[in-house]
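Engineer: One file: my_file.txt (compact mmCIF, C-alpha atoms).
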```txt
# COMPACT_ATOMS: atom_id res chain seq x y z
CA MET A 1 -49.23 -2.17 54.88
CA LYS A 2 -48.40 1.23 56.37
CA LYS A 3 -46.90 3.87 54.10
CA VAL A 4 -43.78 5.73 55.26
CA ALA A 5 -42.07 8.80 53.81
CA PHE A 6 -38.66 10.26 54.63
CA TYR A 7 -37.29 13.79 54.52
CA THR A 8 -33.59 14.56 55.01
CA LEU A 9 -32.05 17.87 55.98
CA GLY A 10 -28.31 18.45 55.96
CA CYS A 11 -25.27 16.51 54.88
CA LYS A 12 -24.36 13.46 52.81
CA LEU A 13 -23.98 11.49 56.04
CA ASN A 14 -27.64 12.16 56.88
CA PHE A 15 -28.66 10.95 53.40
CA SER A 16 -26.76 7.69 53.89
CA GLU A 17 -28.42 7.12 57.26
CA THR A 18 -31.93 7.98 56.04
CA SER A 19 -31.54 5.56 53.15
CA THR A 20 -30.41 2.76 55.47
CA ILE A 21 -33.28 3.39 57.92
CA SER A 22 -35.74 3.40 55.01
CA ARG A 23 -34.49 -0.06 54.01
CA GLN A 24 -35.14 -1.25 57.57
CA PHE A 25 -38.77 -0.16 57.15
CA GLU A 26 -39.11 -1.91 53.78
CA GLU A 27 -37.66 -5.11 55.24
CA LYS A 28 -40.35 -4.98 57.94
CA GLY A 29 -43.13 -4.71 55.35
CA PHE A 30 -43.70 -0.95 55.25
CA GLU A 31 -44.25 0.73 51.88
CA LYS A 32 -41.82 3.57 51.19
CA VAL A 33 -43.60 6.43 49.39
CA ASP A 34 -42.93 10.02 48.37
CA PHE A 35 -43.58 12.83 50.83
CA GLN A 36 -46.77 13.90 48.99
CA ASP A 37 -48.32 10.41 48.81
CA THR A 38 -50.39 10.69 52.04
CA PRO A 39 -48.04 8.58 54.19
CA ASP A 40 -49.12 7.08 57.50
CA ILE A 41 -45.67 7.83 58.94
CA PHE A 42 -43.17 10.64 58.33
CA ILE A 43 -39.53 10.26 59.42
CA ILE A 44 -37.71 13.60 59.36
CA ASN A 45 -33.90 13.48 59.66
CA THR A 46 -32.65 16.85 60.91
CA CYS A 47 -29.44 18.88 60.83
CA SER A 48 -28.07 21.32 63.40
CA VAL A 49 -25.31 23.10 61.50
CA THR A 50 -27.11 26.45 61.20
CA GLU A 51 -29.39 28.49 63.44
CA ASN A 52 -32.30 27.77 61.08
CA ALA A 53 -32.57 24.11 62.13
CA ASP A 54 -35.65 24.79 64.24
CA LYS A 55 -37.41 26.78 61.51
CA LYS A 56 -36.73 24.10 58.90
CA CYS A 57 -37.94 21.33 61.20
CA LYS A 58 -41.19 23.19 62.01
CA LYS A 59 -41.82 23.89 58.34
CA ILE A 60 -41.40 20.23 57.29
CA VAL A 61 -43.69 19.06 60.12
CA LYS A 62 -46.32 21.62 59.12
CA GLU A 63 -46.21 20.46 55.49
CA ALA A 64 -46.42 16.81 56.56
CA LYS A 65 -49.56 17.45 58.60
CA LYS A 66 -51.15 19.31 55.67
CA ILE A 67 -50.58 16.32 53.41
CA SER A 68 -51.62 13.68 55.93
CA PRO A 69 -53.32 15.16 59.04
CA ASN A 70 -53.54 11.86 60.94
CA SER A 71 -49.96 10.79 60.22
CA TYR A 72 -47.34 9.80 62.80
CA VAL A 73 -44.33 12.15 62.75
CA ALA A 74 -40.95 11.08 64.17
CA ILE A 75 -37.93 13.41 64.29
CA ILE A 76 -34.37 12.05 64.27
CA GLY A 77 -30.90 13.45 63.53
CA CYS A 78 -28.52 16.00 65.03
CA TYR A 79 -31.12 18.60 65.97
CA ALA A 80 -33.18 15.87 67.66
CA GLN A 81 -30.18 14.99 69.85
CA LEU A 82 -29.40 18.60 70.74
CA LYS A 83 -32.93 19.91 71.40
CA PRO A 84 -35.29 16.95 72.01
CA ARG A 85 -37.61 18.79 74.44
CA GLU A 86 -37.83 21.82 72.17
CA ILE A 87 -38.80 19.61 69.21
CA SER A 88 -41.36 17.71 71.30
CA GLU A 89 -43.28 20.98 71.67
CA ILE A 90 -43.69 21.42 67.90
CA SER A 91 -47.32 20.84 67.01
CA GLY A 92 -47.77 17.55 65.13
CA VAL A 93 -44.64 15.78 66.41
CA ASP A 94 -45.26 12.31 67.91
CA ALA A 95 -41.71 11.14 68.71
CA VAL A 96 -38.16 12.44 68.99
CA LEU A 97 -35.21 10.03 68.86
CA GLY A 98 -31.59 10.85 69.65
CA ALA A 99 -28.31 9.63 68.18
CA ALA A 100 -28.23 6.38 70.17
CA GLU A 101 -31.86 5.54 69.33
CA LYS A 102 -32.49 6.52 65.70
CA PHE A 103 -31.41 3.20 64.15
CA ARG A 104 -33.80 1.38 66.52
CA LEU A 105 -36.90 3.46 65.86
CA ILE A 106 -39.01 0.61 64.47
CA GLU A 107 -38.31 -1.37 67.63
CA LEU A 108 -38.84 1.61 69.99
CA LEU A 109 -42.00 3.20 68.61
CA ASP A 110 -44.57 0.44 69.24
CA ASP A 111 -46.10 0.10 65.77
CA PHE A 112 -46.28 3.90 65.50
CA ALA A 113 -49.46 4.13 67.52
CA LYS A 114 -50.27 7.75 68.40
CA GLU A 115 -50.29 8.57 72.10
CA GLN A 116 -51.32 11.59 74.15
CA GLU A 117 -47.74 12.40 75.14
CA VAL A 118 -44.89 12.94 72.71
CA LYS A 119 -42.31 10.16 73.04
CA VAL A 120 -38.85 11.59 73.72
CA LEU A 121 -36.17 8.92 73.42
CA ALA A 122 -32.85 10.74 73.51
CA SER A 123 -30.05 9.43 75.73
CA GLU A 124 -27.05 11.50 76.74
CA ILE A 125 -24.61 11.72 73.84
CA GLN A 126 -22.02 9.69 75.80
CA GLU A 127 -24.25 6.67 75.15
CA ALA A 128 -23.90 7.01 71.36
CA THR A 129 -20.89 4.72 71.12
CA ALA A 130 -21.96 2.18 68.48
CA PHE A 131 -21.05 2.59 64.83
CA ASN A 132 -24.08 2.01 62.62
CA ASN A 133 -23.34 0.99 59.04
CA ALA A 134 -25.13 3.08 56.45
CA TYR A 135 -25.18 3.78 52.74
CA SER A 136 -27.67 5.32 50.35
CA ILE A 137 -29.00 3.32 47.44
CA ASN A 138 -31.69 3.93 44.79
CA ASP A 139 -31.97 7.55 45.94
CA ARG A 140 -29.44 9.15 43.62
CA THR A 141 -27.01 8.34 40.82
CA ARG A 142 -24.20 8.11 43.35
CA THR A 143 -24.07 6.32 46.68
CA PHE A 144 -23.03 7.93 49.96
CA LEU A 145 -21.15 5.31 51.97
CA LYS A 146 -20.73 6.10 55.67
CA VAL A 147 -17.35 4.99 57.01
CA GLN A 148 -16.96 7.13 60.15
CA ASP A 149 -19.12 8.98 62.69
CA GLY A 150 -18.61 11.47 65.52
CA CYS A 151 -15.69 13.80 66.20
CA ASN A 152 -13.09 14.29 68.94
CA TYR A 153 -11.93 17.72 67.80
CA GLY A 154 -14.22 20.13 69.66
CA CYS A 155 -13.79 23.21 67.46
CA ALA A 156 -15.08 26.33 69.23
CA PHE A 157 -18.01 26.89 66.84
CA CYS A 158 -19.22 23.33 66.36
CA THR A 159 -22.04 21.30 67.95
CA ILE A 160 -21.35 18.07 66.04
CA PRO A 161 -19.55 16.31 68.95
CA LEU A 162 -22.60 17.16 71.09
CA ALA A 163 -24.95 15.82 68.42
CA ARG A 164 -23.05 12.74 67.23
CA GLY A 165 -20.62 11.84 69.99
CA LYS A 166 -17.02 10.69 69.90
CA SER A 167 -15.16 9.57 66.78
CA ARG A 168 -15.82 5.97 65.82
CA SER A 169 -15.54 3.99 62.63
CA ASN A 170 -16.45 0.99 60.62
CA THR A 171 -13.63 -1.48 59.91
CA VAL A 172 -11.93 -1.69 56.52
CA SER A 173 -13.28 -5.21 56.00
CA SER A 174 -16.86 -4.14 56.77
CA VAL A 175 -16.61 -1.12 54.44
CA LEU A 176 -15.32 -3.38 51.67
CA GLU A 177 -18.28 -5.71 52.22
CA ALA A 178 -20.68 -2.77 51.78
CA ALA A 179 -18.72 -1.53 48.75
CA ARG A 180 -19.07 -4.93 47.09
CA GLU A 181 -22.82 -4.88 47.73
CA ILE A 182 -22.96 -1.45 46.08
CA ALA A 183 -20.82 -2.68 43.17
CA ASN A 184 -23.51 -5.29 42.40
CA THR A 185 -26.07 -2.52 41.81
CA GLU A 186 -26.15 -0.04 38.92
CA VAL A 187 -24.41 2.66 40.96
CA LYS A 188 -21.29 3.99 39.26
CA GLU A 189 -19.96 6.42 41.87
CA VAL A 190 -19.38 6.03 45.60
CA VAL A 191 -18.83 9.01 47.93
CA LEU A 192 -17.05 8.11 51.19
CA THR A 193 -18.65 10.12 53.96
CA GLY A 194 -18.42 10.72 57.71
CA VAL A 195 -18.20 13.53 60.25
CA ASN A 196 -14.39 13.59 60.36
CA ILE A 197 -13.53 11.06 57.68
CA GLY A 198 -9.76 11.42 57.93
CA ASP A 199 -10.00 10.19 61.54
CA PHE A 200 -11.24 6.81 60.26
CA GLY A 201 -9.94 3.80 62.15
CA ILE A 202 -11.10 4.27 65.77
CA VAL A 203 -13.04 1.21 66.97
CA ASP A 204 -14.16 0.92 70.62
CA GLY A 205 -12.18 4.03 71.49
CA LYS A 206 -8.85 2.78 70.11
CA ARG A 207 -7.19 3.46 66.79
CA GLN A 208 -6.97 0.20 64.87
CA GLU A 209 -6.65 1.35 61.23
CA LYS A 210 -5.97 4.50 59.22
CA PHE A 211 -7.92 6.26 56.49
CA VAL A 212 -5.15 5.62 53.98
CA ASP A 213 -5.60 1.87 54.64
CA LEU A 214 -9.24 2.19 53.62
CA VAL A 215 -8.44 4.30 50.55
CA LYS A 216 -5.96 1.72 49.26
CA ALA A 217 -8.26 -1.22 49.97
CA ILE A 218 -11.46 0.17 48.44
CA ASP A 219 -9.57 1.21 45.31
CA GLU A 220 -9.32 -2.52 44.51
CA VAL A 221 -13.08 -3.21 44.63
CA GLU A 222 -14.21 -4.29 41.17
CA GLY A 223 -17.40 -2.86 39.71
CA ILE A 224 -17.15 0.68 41.10
CA ASP A 225 -16.13 3.23 38.50
CA ARG A 226 -15.51 6.31 40.61
CA ILE A 227 -14.85 7.02 44.29
CA ARG A 228 -14.95 10.47 45.90
CA ILE A 229 -13.83 11.60 49.34
CA SER A 230 -16.64 13.82 50.64
CA SER A 231 -14.64 16.16 52.88
CA ILE A 232 -11.38 15.79 54.79
CA GLU A 233 -9.57 17.97 57.32
CA PRO A 234 -6.32 19.46 55.96
CA ASN A 235 -4.23 18.08 58.84
CA LEU A 236 -5.53 14.58 58.05
CA LEU A 237 -5.12 14.82 54.27
CA THR A 238 -1.63 13.39 54.23
CA ASN A 239 0.84 13.45 51.36
CA GLU A 240 0.45 9.67 51.20
CA ILE A 241 -3.31 9.98 50.57
CA ILE A 242 -2.82 12.73 47.97
CA SER A 243 -0.11 10.76 46.17
CA PHE A 244 -2.19 7.59 46.13
CA CYS A 245 -5.26 9.39 44.76
CA GLY A 246 -3.07 10.86 42.01
CA GLU A 247 -2.24 7.36 40.75
CA SER A 248 -5.43 5.55 41.75
CA LYS A 249 -7.70 3.50 39.50
CA ARG A 250 -10.93 4.87 40.92
CA PHE A 251 -10.40 7.88 43.20
CA VAL A 252 -11.28 11.06 41.30
CA PRO A 253 -9.24 14.30 41.35
CA HIS A 254 -11.69 16.16 43.58
CA PHE A 255 -10.95 17.21 47.16
CA HIS A 256 -13.18 19.14 49.54
CA VAL A 257 -10.97 20.49 52.32
CA PRO A 258 -12.41 22.71 55.10
CA LEU A 259 -10.36 25.84 55.78
CA GLN A 260 -12.82 27.94 57.88
CA SER A 261 -10.47 30.95 58.00
CA GLY A 262 -7.41 32.21 56.15
CA SER A 263 -6.26 34.07 59.27
CA ASN A 264 -4.01 32.19 61.70
CA THR A 265 -5.34 34.39 64.52
CA ILE A 266 -8.90 33.22 63.86
CA LEU A 267 -7.85 29.60 63.24
CA ARG A 268 -6.31 29.55 66.73
CA LYS A 269 -9.45 31.07 68.27
CA MET A 270 -11.56 28.46 66.49
CA GLY A 271 -9.41 25.68 67.92
CA ARG A 272 -8.50 24.32 64.48
CA ARG A 273 -5.57 21.90 64.31
CA TYR A 274 -3.55 23.55 61.56
CA LEU A 275 -2.47 26.97 60.30
CA ARG A 276 -2.89 28.48 56.84
CA GLU A 277 0.64 27.49 55.82
CA LEU A 278 -0.27 23.79 56.08
CA TYR A 279 -3.44 24.38 54.06
CA GLU A 280 -1.47 26.13 51.35
CA ASP A 281 0.97 23.21 51.27
CA ARG A 282 -1.88 20.70 50.78
CA VAL A 283 -3.34 22.68 47.88
CA SER A 284 0.09 22.95 46.28
CA LYS A 285 0.70 19.20 46.65
CA ILE A 286 -2.67 18.34 45.05
CA LYS A 287 -2.16 20.70 42.13
CA THR A 288 1.41 19.53 41.50
CA LEU A 289 0.30 15.90 41.18
CA MET A 290 -3.14 16.55 39.64
CA PRO A 291 -3.18 19.91 37.79
CA GLN A 292 -6.83 19.44 36.76
CA ALA A 293 -8.00 18.58 40.29
CA CYS A 294 -10.99 20.39 41.74
CA ILE A 295 -10.50 21.74 45.27
CA GLY A 296 -13.50 22.92 47.28
CA VAL A 297 -13.19 24.94 50.46
CA ASP A 298 -15.43 25.49 53.51
CA VAL A 299 -15.06 28.92 55.08
CA ILE A 300 -16.84 30.63 58.01
CA VAL A 301 -17.21 34.42 58.08
CA GLY A 302 -18.06 36.62 61.03
CA PHE A 303 -16.47 34.49 63.75
CA PRO A 304 -16.04 36.46 67.02
CA GLY A 305 -12.98 38.68 66.84
CA GLU A 306 -12.84 38.71 63.02
CA THR A 307 -11.89 42.34 62.34
CA ASP A 308 -11.90 43.89 58.87
CA GLU A 309 -8.15 43.26 58.69
CA LEU A 310 -8.49 39.59 59.64
CA PHE A 311 -11.33 39.07 57.19
CA LEU A 312 -9.17 40.58 54.44
CA GLU A 313 -6.45 38.10 55.37
CA THR A 314 -8.95 35.34 54.59
CA TYR A 315 -10.19 37.02 51.41
CA ASN A 316 -6.70 37.63 50.03
CA PHE A 317 -5.49 34.16 51.00
CA LEU A 318 -8.40 32.54 49.14
CA ASN A 319 -8.07 34.89 46.19
CA GLU A 320 -4.45 33.85 45.66
CA LEU A 321 -5.01 30.14 46.33
CA ASP A 322 -5.45 27.73 43.39
CA ILE A 323 -8.89 26.50 44.46
CA SER A 324 -12.10 25.84 42.51
CA TYR A 325 -15.08 26.91 44.65
CA LEU A 326 -16.12 27.90 48.17
CA HIS A 327 -18.88 26.81 50.53
CA VAL A 328 -19.45 29.97 52.57
CA PHE A 329 -21.05 29.77 56.02
CA THR A 330 -22.15 32.85 57.92
CA TYR A 331 -21.19 32.27 61.55
CA SER A 332 -24.17 31.73 63.85
CA GLU A 333 -24.03 31.36 67.62
CA ARG A 334 -24.71 27.81 68.79
CA ALA A 335 -25.63 26.98 72.37
CA ASN A 336 -23.06 25.13 74.49
CA THR A 337 -20.10 26.03 72.27
CA ARG A 338 -17.06 28.06 73.39
CA ALA A 339 -17.54 30.55 70.56
CA ALA A 340 -21.00 31.52 71.86
CA GLU A 341 -19.33 32.92 75.00
CA MET A 342 -16.67 34.90 73.13
CA LYS A 343 -16.67 38.66 73.04
CA GLU A 344 -15.94 40.92 70.03
CA VAL A 345 -19.15 39.78 68.33
CA VAL A 346 -19.29 40.70 64.64
CA PRO A 347 -22.55 42.53 63.73
CA MET A 348 -24.92 40.44 61.59
CA LYS A 349 -24.96 43.03 58.81
CA MET A 350 -21.17 42.81 58.54
CA ARG A 351 -21.30 39.00 58.53
CA SER A 352 -23.76 39.14 55.62
CA GLU A 353 -21.62 41.59 53.66
CA ARG A 354 -18.53 39.41 54.08
CA SER A 355 -20.47 36.30 53.06
CA LYS A 356 -21.59 38.05 49.91
CA MET A 357 -18.00 39.03 49.06
CA LEU A 358 -16.82 35.44 49.40
CA ARG A 359 -19.73 34.05 47.40
CA ILE A 360 -18.84 36.40 44.55
CA LEU A 361 -15.22 35.24 44.85
CA SER A 362 -16.44 31.63 44.71
CA GLU A 363 -18.26 32.25 41.43
CA LYS A 364 -15.13 33.82 39.96
CA LYS A 365 -13.01 30.88 41.11
CA ARG A 366 -15.47 28.34 39.72
CA ARG A 367 -15.67 30.09 36.34
CA LYS A 368 -11.87 30.35 36.11
CA PHE A 369 -11.57 26.62 36.91
CA TYR A 370 -14.16 25.75 34.27
CA GLU A 371 -12.43 27.95 31.68
CA GLU A 372 -9.07 26.29 32.36
CA ASN A 373 -10.60 22.92 31.48
CA LEU A 374 -12.39 23.89 28.24
CA GLY A 375 -11.27 21.85 25.25
CA GLN A 376 -10.27 18.94 27.51
CA THR A 377 -11.84 15.48 27.42
CA PHE A 378 -13.38 13.99 30.56
CA THR A 379 -15.87 11.32 31.59
CA VAL A 380 -19.25 12.57 32.79
CA LEU A 381 -21.69 10.67 34.95
CA PHE A 382 -25.07 11.91 33.75
CA GLU A 383 -27.81 12.17 36.35
CA ASP A 384 -31.61 12.24 36.23
CA ASP A 385 -31.35 16.03 36.24
CA VAL A 386 -33.13 17.56 33.27
CA GLN A 387 -33.83 21.28 32.81
CA ASP A 388 -34.85 23.13 29.63
CA GLY A 389 -34.14 20.12 27.43
CA LYS A 390 -30.65 19.61 28.88
CA ILE A 391 -29.38 16.71 30.94
CA HIS A 392 -26.71 17.41 33.54
CA GLY A 393 -23.90 15.53 35.22
CA PHE A 394 -20.42 15.90 36.68
CA THR A 395 -16.95 15.18 35.34
CA GLU A 396 -14.52 13.29 37.54
CA ASN A 397 -13.07 16.66 38.60
CA TYR A 398 -16.53 17.97 39.53
CA ILE A 399 -17.35 20.25 36.62
CA ARG A 400 -21.11 20.42 36.09
CA VAL A 401 -21.90 19.85 32.44
CA ALA A 402 -24.98 20.08 30.25
CA ALA A 403 -25.78 18.06 27.12
CA LYS A 404 -28.81 17.69 24.88
CA TYR A 405 -31.30 15.45 26.69
CA ASP A 406 -31.27 11.80 25.78
CA PRO A 407 -32.97 9.31 28.15
CA MET A 408 -30.24 6.78 27.37
CA LEU A 409 -27.68 9.05 29.09
CA VAL A 410 -29.19 8.76 32.60
CA ASN A 411 -26.75 7.02 34.99
CA GLU A 412 -24.23 6.51 32.18
CA LEU A 413 -20.57 7.46 32.04
CA LYS A 414 -19.73 9.14 28.75
CA LEU A 415 -16.54 10.52 27.30
CA VAL A 416 -17.08 14.20 26.42
CA THR A 417 -15.16 17.27 25.32
CA LEU A 418 -15.88 20.48 27.27
CA ASP A 419 -16.90 23.10 24.73
CA HIS A 420 -18.12 26.35 26.30
CA ILE A 421 -19.76 27.82 29.41
CA ASN A 422 -23.47 28.52 28.98
CA GLU A 423 -25.60 31.29 30.49
CA GLN A 424 -26.43 29.12 33.51
CA GLY A 425 -22.73 28.75 34.31
CA ASN A 426 -22.56 25.08 33.33
CA VAL A 427 -20.24 23.68 30.67
CA GLU A 428 -21.86 22.60 27.41
CA VAL A 429 -20.29 19.50 25.91
CA LEU A 430 -19.89 18.21 22.41
CA GLU A 431 -21.92 15.09 21.52
CA PRO A 432 -21.10 12.35 24.08
CA GLU A 433 -18.99 9.80 22.24
CA PHE A 434 -19.34 6.41 23.87
CA VAL A 435 -20.12 4.58 27.07
CA TYR A 436 -17.17 4.51 29.43
CA GLU A 437 -16.64 0.84 30.27
CA LYS A 438 -16.49 -0.37 33.87
CA HIS A 439 -13.07 -1.18 35.31
```
What would the structure in this file look like if it were written as structure tokens?
Structural biologist:
Amino acid sequence: MKKVAFYTLGCKLNFSETSTISRQFEEKGFEKVDFQDTPDIFIINTCSVTENADKKCKKIVKEAKKISPNSYVAIIGCYAQLKPREISEISGVDAVLGAAEKFRLIELLDDFAKEQEVKVLASEIQEATAFNNAYSINDRTRTFLKVQDGCNYGCAFCTIPLARGKSRSNTVSSVLEAAREIANTEVKEVVLTGVNIGDFGIVDGKRQEKFVDLVKAIDEVEGIDRIRISSIEPNLLTNEIISFCGESKRFVPHFHVPLQSGSNTILRKMGRRYLRELYEDRVSKIKTLMPQACIGVDVIVGFPGETDELFLETYNFLNELDISYLHVFTYSERANTRAAEMKEVVPMKMRSERSKMLRILSEKKRRKFYEENLGQTFTVLFEDDVQDGKIHGFTENYIRVAAKYDPMLVNELKLVTLDHINEQGNVEVLEPEFVYEKH
């Protein structure tokens, strides 16, 4: 029995796919082991969002070969699709598989026998047309359930359409089947994930269903306590979706909505499909219906043409917006994107300074959000996350809490009262009161 280990870089979608591929291996008789357990095979699932993708990939391969010098190393994921030849030149790599091949790697790699030449199996991205079902299980307290893949938007800074292909989806009925399988496990929270999740419903190139159809249907699945939407474009987060989540049995009051810039000038240059006024309207709608809702924001700083004045437009817009935290990305040039050809390049030092300003703003926003919720009662899903005698978890509205460690709390939903913010920036809770029963 060959031993196989997996390493995942990047997003929730990658985690769902790695988990599904790992189950394929186990079904074929391979033994899944930890990265350090001298595996015979390493499968490394890569990301391409930042310029450090190549450095991260090289580092993981180097560590793998230290642990198990004679191991077989296969690279999959977005970076593998974008730069297969470049990856094939990394010392220690045996195979590189693209987007259309990664779910067939057991079939394609001939019993993982090492050969003199690196196997590069990466078709053109136009061939990645199939939707591959995926969800994570047994890896974390929550499950990432993939419902959509690819993107048709073509934003000026983004390589995802080049790495994952056109937008395509599972069907509502197939997602519900997976959700019921998950409901029969001990998982208590499902995170719906995809590349452009609000574009759900395209099958074989044609729109057949809508994301709101899926939201309403999965809300009825018995045995799942909480459902989160991983991230959704503001132009696709309709009032109907927001209103339904506000009254739903299982959808939690937590929205992660990419903004990217608070300047309409920059939004147009980026090729985004909305302006800041629409974003502001979505935030207002969420907060009107769900005052305790958590709203996370993606923002890119240092995009070409972002002057000091335009950056301050973003800063001031975010400062005044009723949001809870930011994910700040420092713009990095990506090959084969329109933005890489744009002039008015922002110096790297300035990009770093602006990133730092927004990260400080994020901490202030998060603390303010936490303070507003002190004294309130929420349910917390405790995770196997223990530090300094404290166990941690998240409320339904995504506040990270800490409680005195008790092994009985792991993967349990407990009703708690938020007491105070500790030195680590987490919220300490009063003694958890009782197990929150399943719906």
Engineer: Residues at most 8 Å from region 274-283 of chain A, counting all atoms listed in the file, excluding those fewer than 6 positions away in the same chain, as a PyMOL selection string?
Structural biologist: chain A and resi 234-235+237+239+259+262-264+267-268+295+321-323
Engineer: Taking only C-alpha atoms into account, produce a table as a tab-separated table in which each residue of region 242-361 of chain A with an atom at most 12 Å from an atom of region 156-163 of chain A appears once, together with its shortest atom pair and the distance in Å to one decimal, ordered by chain and rising number.
Structural biologist:
```
residue	atom	partner	partner_atom	distance
A:Gln260	CA	A:Phe157	CA	10.4
A:Ile266	CA	A:Ala156	CA	10.7
A:Leu267	CA	A:Ala156	CA	9.9
A:Arg268	CA	A:Ala156	CA	9.7
A:Lys269	CA	A:Ala156	CA	7.4
A:Met270	CA	A:Ala156	CA	4.9
A:Gly271	CA	A:Ala156	CA	5.9
A:Arg272	CA	A:Ala156	CA	8.4
A:Arg273	CA	A:Ala156	CA	11.6
A:Ile300	CA	A:Phe157	CA	9.7
A:Val301	CA	A:Phe157	CA	11.6
A:Gly302	CA	A:Phe157	CA	11.3
A:Phe303	CA	A:Phe157	CA	8.3
A:Pro304	CA	A:Phe157	CA	9.8
A:Phe329	CA	A:Phe157	CA	11.6
A:Thr330	CA	A:Phe157	CA	11.5
A:Tyr331	CA	A:Phe157	CA	8.2
A:Ser332	CA	A:Phe157	CA	8.4
A:Glu333	CA	A:Phe157	CA	7.5
A:Arg334	CA	A:Phe157	CA	7.0
A:Ala335	CA	A:Thr159	CA	8.0
A:Asn336	CA	A:Thr159	CA	7.6
A:Thr337	CA	A:Ala156	CA	5.9
A:Arg338	CA	A:Ala156	CA	4.9
A:Ala339	CA	A:Ala156	CA	5.1
A:Ala340	CA	A:Phe157	CA	7.5
A:Glu341	CA	A:Ala156	CA	9.7
A:Met342	CA	A:Ala156	CA	9.5
```
Engineer: Generate the output file for the selected residues, C-alpha atoms, as a CSV table (one decimal), keeping the file's coordinate frame.
Structural biologist:
```
chain,number,residue,atom,x,y,z
A,260,GLN,CA,-12.8,27.9,57.9
A,266,ILE,CA,-8.9,33.2,63.9
A,267,LEU,CA,-7.8,29.6,63.2
A,268,ARG,CA,-6.3,29.6,66.7
A,269,LYS,CA,-9.4,31.1,68.3
A,270,MET,CA,-11.6,28.5,66.5
A,271,GLY,CA,-9.4,25.7,67.9
A,272,ARG,CA,-8.5,24.3,64.5
A,273,ARG,CA,-5.6,21.9,64.3
A,300,ILE,CA,-16.8,30.6,58.0
A,301,VAL,CA,-17.2,34.4,58.1
A,302,GLY,CA,-18.1,36.6,61.0
A,303,PHE,CA,-16.5,34.5,63.8
A,304,PRO,CA,-16.0,36.5,67.0
A,329,PHE,CA,-21.0,29.8,56.0
A,330,THR,CA,-22.2,32.8,57.9
A,331,TYR,CA,-21.2,32.3,61.6
A,332,SER,CA,-24.2,31.7,63.8
A,333,GLU,CA,-24.0,31.4,67.6
A,334,ARG,CA,-24.7,27.8,68.8
A,335,ALA,CA,-25.6,27.0,72.4
A,336,ASN,CA,-23.1,25.1,74.5
A,337,THR,CA,-20.1,26.0,72.3
A,338,ARG,CA,-17.1,28.1,73.4
A,339,ALA,CA,-17.5,30.6,70.6
A,340,ALA,CA,-21.0,31.5,71.9
A,341,GLU,CA,-19.3,32.9,75.0
A,342,MET,CA,-16.7,34.9,73.1
```
Engineer: What does the distance from CA of Leu145 (chain A) to CA of Glu107 (chain A) come to in Å, to one decimal?
Structural biologist: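 Between CA of Leu145 (chain A) and CA of Glu107 (chain A) the gap works out to 24.2 Å.
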Engineer: A:Leu312, A:Leu9, A:Val4, A:Ile232: which is nearest Phe35 (chain A), counting all atoms listed in the file?
Structural biologist: A:Val4
Engineer: Val297 (chain A): which residues within 9 Å, counting all atoms listed in the file, same-chain residues fewer than 2 positions away excluded, as a PDB file with C-alpha atoms, keeping the file's coordinate frame?
Structural biologist:
```pdb
ATOM      1  CA  PHE A 255     -10.950  17.210  47.160  1.00  0.00           C
ATOM      2  CA  HIS A 256     -13.180  19.140  49.540  1.00  0.00           C
ATOM      3  CA  VAL A 257     -10.970  20.490  52.320  1.00  0.00           C
ATOM      4  CA  PRO A 258     -12.410  22.710  55.100  1.00  0.00           C
ATOM      5  CA  LEU A 259     -10.360  25.840  55.780  1.00  0.00           C
ATOM      6  CA  GLN A 260     -12.820  27.940  57.880  1.00  0.00           C
ATOM      7  CA  ILE A 295     -10.500  21.740  45.270  1.00  0.00           C
ATOM      8  CA  VAL A 299     -15.060  28.920  55.080  1.00  0.00           C
ATOM      9  CA  ILE A 323      -8.890  26.500  44.460  1.00  0.00           C
ATOM     10  CA  SER A 324     -12.100  25.840  42.510  1.00  0.00           C
ATOM     11  CA  TYR A 325     -15.080  26.910  44.650  1.00  0.00           C
ATOM     12  CA  LEU A 326     -16.120  27.900  48.170  1.00  0.00           C
ATOM     13  CA  HIS A 327     -18.880  26.810  50.530  1.00  0.00           C
ATOM     14  CA  VAL A 328     -19.450  29.970  52.570  1.00  0.00           C
TER      15      VAL A 328
END
```
Engineer: Would you pick out the contacts of region 131-136 of chain A at 9 Å or less, using only C-alpha atoms, so that residues sharing its chain but fewer than 6 positions from it are not included, and give the list as an MDAnalysis selection string?
Structural biologist: chainID A and resid 13 15:21 103 142:149 168:170 174:175 178 182 203
Engineer: Those selected residues, please, written with C-alpha atoms and delivered as a short mmCIF file (atom, residue, chain, number, x, y, z; two decimals), in the frame of the given file.
Structural biologist:
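Generated output (out-v9.cif):
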```
data_model
loop_
_atom_site.label_atom_id
_atom_site.label_comp_id
_atom_site.auth_asym_id
_atom_site.auth_seq_id
_atom_site.Cartn_x
_atom_site.Cartn_y
_atom_site.Cartn_z
CA LEU A 13 -23.98 11.49 56.04
CA PHE A 15 -28.66 10.95 53.40
CA SER A 16 -26.76 7.69 53.89
CA GLU A 17 -28.42 7.12 57.26
CA THR A 18 -31.93 7.98 56.04
CA SER A 19 -31.54 5.56 53.15
CA THR A 20 -30.41 2.76 55.47
CA ILE A 21 -33.28 3.39 57.92
CA PHE A 103 -31.41 3.20 64.15
CA ARG A 142 -24.20 8.11 43.35
CA THR A 143 -24.07 6.32 46.68
CA PHE A 144 -23.03 7.93 49.96
CA LEU A 145 -21.15 5.31 51.97
CA LYS A 146 -20.73 6.10 55.67
CA VAL A 147 -17.35 4.99 57.01
CA GLN A 148 -16.96 7.13 60.15
CA ASP A 149 -19.12 8.98 62.69
CA ARG A 168 -15.82 5.97 65.82
CA SER A 169 -15.54 3.99 62.63
CA ASN A 170 -16.45 0.99 60.62
CA SER A 174 -16.86 -4.14 56.77
CA VAL A 175 -16.61 -1.12 54.44
CA ALA A 178 -20.68 -2.77 51.78
CA ILE A 182 -22.96 -1.45 46.08
CA VAL A 203 -13.04 1.21 66.97
#
```
